[in-house]
Amino acid sequence: MNKITKIVLVEDNPADAQLAHLAFKSISPEADVINFSNGKDFLEHLDQTNIEPISLVLLDLNMPQMNGTEVLKTLQGNKSWAKIPVVVFSSSKQQDDIQNCYDLGANAYVTKPFDYTEFEKTIEAIARFWGNLNQSPSVKAKNSVLKF
């Protein structure tokens with residue numbers, strides 16, 4: 001059984017980020033939940049820190065500066081980063097978006113519910129699966145230089 005140690009939210013909507021943060025903390029109070037409002041800030045952080053403790057990245061698609069698709073491309077372009085579990089969490093139900101995310105290495109694609117209770121239940125289900133059921137390989141960081 002995995003233990004969720006670090007959850008990264010890449011979400012530009014403050015309300016969605018706060019709801020996800022609260023839901024993750026209710027499931028795994030010991031987890032470190034951090035938020036980035038765009039993909040560029042997340043990747044810069046990733047390039048400067050140890051990725052080992054990252055249990056999960058919850059990634060929005062539509063963000064300023066660098067969207068979720070661009071983040072997925074960059075993650076897949078780095079051998080170490082490509083192993084980080086990424087769940088795309090988007091309001092888009094477009095089949096092209098879903099297929100593109102899986103083609104770019106997303107581990108899952110979940111559509112954001114609009115109802116608060118369903119939103120919370122969805123985040124809890126994600127946390128339970130990735131923290132309790134899924135078996136992930138160890139992710140080792142390598143020195144890398146971030147290139148856009």
# chains A, B, ... in the order shown; residues from 1 in each chain; ligands from 1
call {"tool": "residues_around", "arguments": {"residues": "region 66-74 of chain A", "least_positions_apart": "5", "cutoff": "10 Å", "atoms": "only C-alpha atoms", "output": "PyMOL selection string"}}
result
chain A and resi 10-12+37-43+58-61+81-82+86+88-90+97+100-106+146-148
call {"tool": "closest_residue", "arguments": {"among": "A:Phe36, A:Phe24, A:Tyr116, A:Tyr109", "to": "Ser55 (chain A)", "atoms": "only C-alpha atoms"}}
result
A:Phe24
call {"tool": "closest_residue", "arguments": {"among": "A:Gln48, A:Asn134, A:Ser91, A:Ser28", "to": "Asp16 (chain A)", "atoms": "only C-alpha atoms"}}
result
A:Ser91
call {"tool": "closest_residue", "arguments": {"among": "A:Ile7, A:Asn132, A:Asn13, A:Ala125", "to": "Asn62 (chain A)", "atoms": "only C-alpha atoms"}}
result
A:Asn13
call {"tool": "select_by_dssp", "arguments": {"residues": "chain A", "states": "alpha helix (DSSP H)", "output": "CSV table (one decimal) with C-alpha atoms, in the first residue's frame"}}
result
chain,number,residue,atom,x,y,z
A,14,PRO,CA,-8.5,29.2,-6.6
A,15,ALA,CA,-11.8,27.7,-5.6
A,16,ASP,CA,-11.1,24.3,-7.3
A,17,ALA,CA,-7.6,24.3,-5.8
A,18,GLN,CA,-9.0,25.0,-2.3
A,19,LEU,CA,-11.7,22.3,-2.6
A,20,ALA,CA,-9.2,19.7,-3.8
A,21,HIS,CA,-6.7,20.7,-1.1
A,22,LEU,CA,-9.3,20.2,1.6
A,23,ALA,CA,-10.5,16.9,0.2
A,24,PHE,CA,-7.0,15.5,0.0
A,25,LYS,CA,-6.2,16.6,3.5
A,26,SER,CA,-9.3,15.0,4.8
A,27,ILE,CA,-8.2,11.6,3.4
A,39,GLY,CA,2.2,24.6,-15.6
A,40,LYS,CA,5.3,26.8,-16.0
A,41,ASP,CA,5.6,27.5,-12.2
A,42,PHE,CA,5.1,23.8,-11.5
A,43,LEU,CA,7.8,22.6,-13.9
A,44,GLU,CA,10.2,25.2,-12.6
A,45,HIS,CA,9.6,23.9,-9.1
A,46,LEU,CA,10.0,20.4,-10.3
A,47,ASP,CA,13.3,21.2,-11.9
A,48,GLN,CA,14.7,22.7,-8.6
A,68,GLY,CA,-1.9,20.9,-19.0
A,69,THR,CA,-1.1,19.5,-22.5
A,70,GLU,CA,2.2,21.4,-22.6
A,71,VAL,CA,3.0,20.1,-19.0
A,72,LEU,CA,2.3,16.5,-20.1
A,73,LYS,CA,4.6,16.9,-23.1
A,74,THR,CA,7.4,18.3,-20.9
A,75,LEU,CA,7.0,15.5,-18.3
A,76,GLN,CA,7.1,12.8,-21.0
A,95,GLN,CA,-13.0,13.2,-26.5
A,96,ASP,CA,-10.1,14.9,-28.4
A,97,ASP,CA,-8.9,16.3,-25.1
A,98,ILE,CA,-9.2,13.0,-23.3
A,99,GLN,CA,-7.4,11.0,-26.0
A,100,ASN,CA,-4.7,13.6,-26.3
A,101,CYS,CA,-4.0,13.5,-22.6
A,102,TYR,CA,-3.7,9.7,-22.6
A,103,ASP,CA,-1.5,9.9,-25.7
A,116,TYR,CA,-19.5,20.6,-4.4
A,117,THR,CA,-20.4,17.2,-2.8
A,118,GLU,CA,-19.6,15.3,-6.0
A,119,PHE,CA,-16.4,17.3,-6.3
A,120,GLU,CA,-15.3,16.3,-2.8
A,121,LYS,CA,-16.3,12.6,-3.4
A,122,THR,CA,-14.3,12.6,-6.7
A,123,ILE,CA,-11.2,13.9,-5.0
A,124,GLU,CA,-11.6,11.4,-2.2
A,125,ALA,CA,-11.9,8.6,-4.7
A,126,ILE,CA,-8.7,9.8,-6.5
A,127,ALA,CA,-6.8,10.0,-3.2
A,128,ARG,CA,-7.9,6.6,-2.1
call {"tool": "select_by_dssp", "arguments": {"residues": "region 3-148 of chain A", "states": "strand (DSSP E)", "output": "number ranges by chain"}}
result
A: 6-10, 32-36, 54-59, 86-90, 108-111
